[in-house]
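Student: Dumping the structure here so I can ask a few things about it.
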Amino acid sequence: MSCSNLTMLVSSKPSISDASNLSFRSVLNPFQLLSQNSPSCSPSRSSVTPVQCGLRELRTRIESVKNTQKITEAMKLVAAAKVRRAQEAVVNGRPFSETLVEVLYNINEQLQTEDIDVPLTKVRPVKKVALVVCTGDRGLCGGFNNNIIKKAEKRIAELKDLGLDYTIISVGKKGNSYFLRRPYIPVDRFLEGGTLPTAKEAQAIADDAFSLFISEEVDKVELLYTKFVSLVKSDPVIHTLLPLSPKGEICDINGNCVDAADDEFFRLTTKEGKLTVERDSVRTKTEDYSPILEFEQDPVQILDALLPLYLNSQVLRALQESLASELAARMSAMSSATDNAVELKKNLSIIYNRERQAKITGEILEIVAGANALQ
Amino acid sequence: MTLNLCVLTPNRIVWDSEVKEIILSTNSGQIGVLPNHAPIATAVDIGILRIRLNDQWVTMALMGGFARIGNNKITILVNDAEKSSDIDPEEAQQTLEIAEANLSKAEGKRQLIEANLSLRRARTRVEAINMLSQ
């Protein structure tokens, strides 16, 4: 078996055109088809079906594939139900962010002429960057965790090239275990997420980022999460969390800023009988507020109170979107696993039936031959 | 004439109904709000919010934020809010003790800031329960 594997490796390498080599390869190809995964015995018709002799083994194999199929299908349905809940959580958070944006706008309008100096918006020359990486807790979600981690590694390499120091705040068990195994990456703190991100967890992360920034240990905090684009597509993105822009704009790593009033939210709906996701872009109404509104404290103090709220809601939104993309990735991974299981079961059943019929035919032949011999 | 009170946190609406009066802790002290209050905007400190509905007071622990008082409409945006009836007394006491221990262990500017914040929050929660029992 190992021998045949070796020869397969040789044949798949791009070889220099040599007459002997070509003939070597052509001889090997049929063997490649036959012995792909099989440990022994009978050849099979299709190129990818693994084969085992023995009716009993085939039967147990079919049973186990059937059970696996049940599990993957159940996981897919559970993930679909959870996406709905995640979506509801996003919808529940909208009144907060809408009101916050309205108030932010109004205050900024009234402070246009003044010089605001809030510590959270101070832009310092960057020497050290903190990266908040949001991963998932469980596996079996396709390439979700891998994509985020790859993006984090890419960003770390970029920062190293620029000569900047960095530290990581890892959220989620998968990211935690990845960074634990790599002690050469400085990690500030490991946090675990729950099943549904709550304001408390977002606050813990925001507190950490806040204290790192205020104590001037880092000069920039970036948030790394997966944006939920559609059920089959999700993008890891990097957003600058701190320093905040006083107008409440959300800035991308490349400096593309999106106005805070332009909010996008996604909806899980059905279109033509299939589950799809629609993203709607909604702009919050920012009407002029009554000018008689008095500030109880200094406008700067009020801004000081508003911006951490904004920070919190940003972090929470990132966590929610991350969760939604993880669930969508799990849905599609489990769905293709179920399809594979169905096909595998079909192939195995065909082989099982053939074996069974061959055995019966053999027995009949024996009986007939024996009967003939007696005559 | 009653006030309409809305307490919002980033992940849910904690309170949305009519009340008679509220007492709010701000950075510059406590303010009481009755119907037809002048419109003001204020920052809310980590502290207690007391709500009066028909001679019954409800206490809520707020974790800092912002409040806007308009024409008989109050909107409070906070990081987190907990009704005192939802807080477990023993758990709150334990959290307070842990926070105090952390503060005494804290070194460096950053840990001090964090420890201070969590201590204030734990203290508010315990106060909310104590006020309920009064």
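A note on labels: chains of the structure tokens are A, B, ... as shown, every chain counts residues from 1, and ligands are counted from 1 in their shown order.
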Against chain B, which residues of chain A fall within 6 Å? For each one I want the closest pair of atoms and the distance in Å (one decimal), counting only C-alpha atoms, rows by chain and increasing residue number, as a tab-separated table.
Tutor:
```
residue	atom	partner	partner_atom	distance
A:Asn92	CA	B:Arg12	CA	5.3
A:Gly93	CA	B:Asn11	CA	4.5
A:Phe96	CA	B:Pro10	CA	5.6
A:Ser211	CA	B:Arg110	CA	5.4
A:Ser215	CA	B:Arg110	CA	5.4
A:Leu293	CA	B:Ile40	CA	5.1
A:Glu294	CA	B:Ile40	CA	4.6
A:Phe295	CA	B:Ala41	CA	4.9
A:Glu296	CA	B:Thr42	CA	5.1
A:Ile302	CA	B:Ala43	CA	5.2
A:Ala305	CA	B:Gly65	CA	5.6
A:Leu309	CA	B:Asn79	CA	6.0
A:Ser313	CA	B:Pro10	CA	5.5
```
Student: Take the selection from the previous step and output its residues with N, CA and C atoms, as a PDB file, in the first residue's frame.
Tutor:
```pdb
ATOM      1  N   ASN A  92     -32.137  43.969  17.687  1.00  0.00           N
ATOM      2  CA  ASN A  92     -32.384  44.540  19.013  1.00  0.00           C
ATOM      3  C   ASN A  92     -31.426  45.657  19.356  1.00  0.00           C
ATOM      4  N   GLY A  93     -30.241  45.605  18.766  1.00  0.00           N
ATOM      5  CA  GLY A  93     -29.255  46.615  19.098  1.00  0.00           C
ATOM      6  C   GLY A  93     -29.418  47.891  18.313  1.00  0.00           C
ATOM      7  N   PHE A  96     -30.443  51.413  20.084  1.00  0.00           N
ATOM      8  CA  PHE A  96     -29.324  52.016  20.795  1.00  0.00           C
ATOM      9  C   PHE A  96     -28.418  52.770  19.848  1.00  0.00           C
ATOM     10  N   SER A 211      -8.290  50.777  28.101  1.00  0.00           N
ATOM     11  CA  SER A 211      -7.199  50.999  29.052  1.00  0.00           C
ATOM     12  C   SER A 211      -5.843  50.952  28.358  1.00  0.00           C
ATOM     13  N   SER A 215      -3.723  54.443  28.608  1.00  0.00           N
ATOM     14  CA  SER A 215      -2.467  54.414  29.342  1.00  0.00           C
ATOM     15  C   SER A 215      -1.284  54.547  28.402  1.00  0.00           C
ATOM     16  N   LEU A 293     -31.570  72.721  23.852  1.00  0.00           N
ATOM     17  CA  LEU A 293     -31.015  71.641  24.667  1.00  0.00           C
ATOM     18  C   LEU A 293     -29.773  72.128  25.398  1.00  0.00           C
ATOM     19  N   GLU A 294     -29.845  72.078  26.710  1.00  0.00           N
ATOM     20  CA  GLU A 294     -28.716  72.553  27.497  1.00  0.00           C
ATOM     21  C   GLU A 294     -27.848  71.392  27.901  1.00  0.00           C
ATOM     22  N   PHE A 295     -26.573  71.644  28.011  1.00  0.00           N
ATOM     23  CA  PHE A 295     -25.698  70.583  28.483  1.00  0.00           C
ATOM     24  C   PHE A 295     -25.488  70.750  29.973  1.00  0.00           C
ATOM     25  N   GLU A 296     -25.764  69.696  30.680  1.00  0.00           N
ATOM     26  CA  GLU A 296     -25.605  69.740  32.121  1.00  0.00           C
ATOM     27  C   GLU A 296     -24.136  69.900  32.483  1.00  0.00           C
ATOM     28  N   ILE A 302     -19.371  65.456  28.058  1.00  0.00           N
ATOM     29  CA  ILE A 302     -20.465  64.661  27.479  1.00  0.00           C
ATOM     30  C   ILE A 302     -19.923  63.782  26.365  1.00  0.00           C
ATOM     31  N   ALA A 305     -18.318  60.856  27.650  1.00  0.00           N
ATOM     32  CA  ALA A 305     -19.216  59.771  28.062  1.00  0.00           C
ATOM     33  C   ALA A 305     -19.796  59.045  26.859  1.00  0.00           C
ATOM     34  N   LEU A 309     -19.462  54.626  24.844  1.00  0.00           N
ATOM     35  CA  LEU A 309     -20.684  53.933  24.446  1.00  0.00           C
ATOM     36  C   LEU A 309     -20.565  53.487  22.997  1.00  0.00           C
ATOM     37  N   SER A 313     -20.589  49.677  21.387  1.00  0.00           N
ATOM     38  CA  SER A 313     -21.541  49.185  20.389  1.00  0.00           C
ATOM     39  C   SER A 313     -20.807  48.704  19.149  1.00  0.00           C
TER      40      SER A 313
END
```
Student: Quick one: pick out all strand (DSSP E or B) residues within region 80-167 of chain A from a backbone DSSP run and write them as a PyMOL selection string.
Tutor: chain A and resi 128-134+165-167
Student: Can you write just those residues out, all heavy atoms, as a compact mmCIF listing (two decimals), in the first residue's frame?
Tutor:
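And here is the file that came out, out_0.txt:
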```
# COMPACT_ATOMS: atom_id res chain seq x y z
N LYS A 128 3.00 51.35 18.56
CA LYS A 128 2.57 49.99 18.91
C LYS A 128 1.09 49.87 18.59
O LYS A 128 0.31 50.79 18.85
CB LYS A 128 2.80 49.74 20.40
CG LYS A 128 2.57 48.32 20.82
CD LYS A 128 3.18 48.02 22.16
CE LYS A 128 2.84 46.58 22.56
NZ LYS A 128 3.12 46.29 23.93
N VAL A 129 0.72 48.71 18.02
CA VAL A 129 -0.66 48.50 17.60
C VAL A 129 -1.23 47.30 18.33
O VAL A 129 -0.55 46.30 18.50
CB VAL A 129 -0.72 48.26 16.07
CG1 VAL A 129 -2.14 48.00 15.63
CG2 VAL A 129 -0.16 49.45 15.33
N ALA A 130 -2.48 47.40 18.76
CA ALA A 130 -3.14 46.25 19.37
C ALA A 130 -4.16 45.70 18.38
O ALA A 130 -4.92 46.45 17.78
CB ALA A 130 -3.84 46.66 20.65
N LEU A 131 -4.14 44.40 18.18
CA LEU A 131 -5.06 43.75 17.23
C LEU A 131 -6.06 42.91 18.02
O LEU A 131 -5.66 42.02 18.76
CB LEU A 131 -4.28 42.80 16.32
CG LEU A 131 -3.77 43.22 14.97
CD1 LEU A 131 -3.13 42.05 14.30
CD2 LEU A 131 -4.90 43.73 14.11
N VAL A 132 -7.34 43.20 17.85
CA VAL A 132 -8.35 42.37 18.50
C VAL A 132 -8.84 41.36 17.47
O VAL A 132 -9.40 41.73 16.46
CB VAL A 132 -9.54 43.22 18.99
CG1 VAL A 132 -10.55 42.36 19.68
CG2 VAL A 132 -9.04 44.31 19.92
N VAL A 133 -8.58 40.07 17.72
CA VAL A 133 -8.92 39.05 16.73
C VAL A 133 -10.12 38.25 17.21
O VAL A 133 -10.08 37.63 18.27
CB VAL A 133 -7.71 38.09 16.52
CG1 VAL A 133 -8.05 37.08 15.46
CG2 VAL A 133 -6.49 38.88 16.13
N CYS A 134 -11.22 38.26 16.43
CA CYS A 134 -12.44 37.55 16.82
C CYS A 134 -12.54 36.24 16.05
O CYS A 134 -12.79 36.23 14.85
CB CYS A 134 -13.68 38.37 16.50
SG CYS A 134 -13.65 39.99 17.19
N ASP A 165 5.61 47.74 16.69
CA ASP A 165 5.41 46.68 17.67
C ASP A 165 3.92 46.33 17.71
O ASP A 165 3.07 47.14 17.34
CB ASP A 165 5.86 47.21 19.04
CG ASP A 165 6.22 46.06 19.95
OD1 ASP A 165 6.18 44.91 19.49
OD2 ASP A 165 6.52 46.32 21.12
N TYR A 166 3.58 45.14 18.17
CA TYR A 166 2.17 44.77 18.17
C TYR A 166 1.86 43.88 19.35
O TYR A 166 2.75 43.25 19.93
CB TYR A 166 1.80 44.06 16.86
CG TYR A 166 2.59 42.80 16.63
CD1 TYR A 166 2.15 41.58 17.11
CD2 TYR A 166 3.77 42.84 15.93
CE1 TYR A 166 2.88 40.43 16.91
CE2 TYR A 166 4.50 41.70 15.72
CZ TYR A 166 4.06 40.50 16.22
OH TYR A 166 4.79 39.37 16.00
N THR A 167 0.59 43.81 19.68
CA THR A 167 0.12 42.86 20.68
C THR A 167 -1.27 42.39 20.27
O THR A 167 -1.95 43.06 19.51
CB THR A 167 0.11 43.50 22.08
OG1 THR A 167 -0.36 42.55 23.01
CG2 THR A 167 -0.80 44.70 22.12
```
Student: Can you list, as a list in words, every protein, DNA or RNA residue that comes within 8 Å of Ser17 (chain B) when you count only C-alpha atoms, leaving out same-chain residues fewer than 6 positions away?
Tutor: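 Close residues of Ser17 (chain B): Asn4, Leu5 and Cys6 of chain B.
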Student: I need the chosen residues saved as a compact mmCIF listing (two decimals), in the first residue's frame, with N, CA and C atoms.
Tutor:
```
# COMPACT_ATOMS: atom_id res chain seq x y z
N ASN B 4 -42.02 59.62 29.72
CA ASN B 4 -41.78 58.40 28.97
C ASN B 4 -40.30 58.07 29.08
N LEU B 5 -39.98 56.93 29.68
CA LEU B 5 -38.58 56.60 29.92
C LEU B 5 -38.14 55.44 29.04
N CYS B 6 -36.96 55.61 28.40
CA CYS B 6 -36.39 54.58 27.55
C CYS B 6 -34.97 54.32 28.02
```
Student: Do you know which residues are at most 12 Å from region 83-94 of chain B counting only C-alpha atoms, after dropping those on the same chain fewer than 6 positions away, and could you put them as a PyMOL selection string?
Tutor: chain B and resi 7+14-15+48-51+57-63+100-101+118-119+121-133
Student: Work out how far CA of Leu316 (chain A) is from CA of Thr198 (chain A), in Å to one decimal.
Tutor: 7.4 Å
Student: Can you tell me how far CA of Ala86 (chain A) sits from CA of Ala199 (chain A), in Å to one decimal?
Tutor: 13.8 Å
Student: What is the distance, in Å and to one decimal place, between CA of Val237 (chain A) and CA of Arg330 (chain A)?
Tutor: 19.2 Å
Student: I need the residues in chain B that are alpha helix (DSSP H) according to DSSP; give them as number ranges by chain.
Tutor: B: 89-105, 108-133
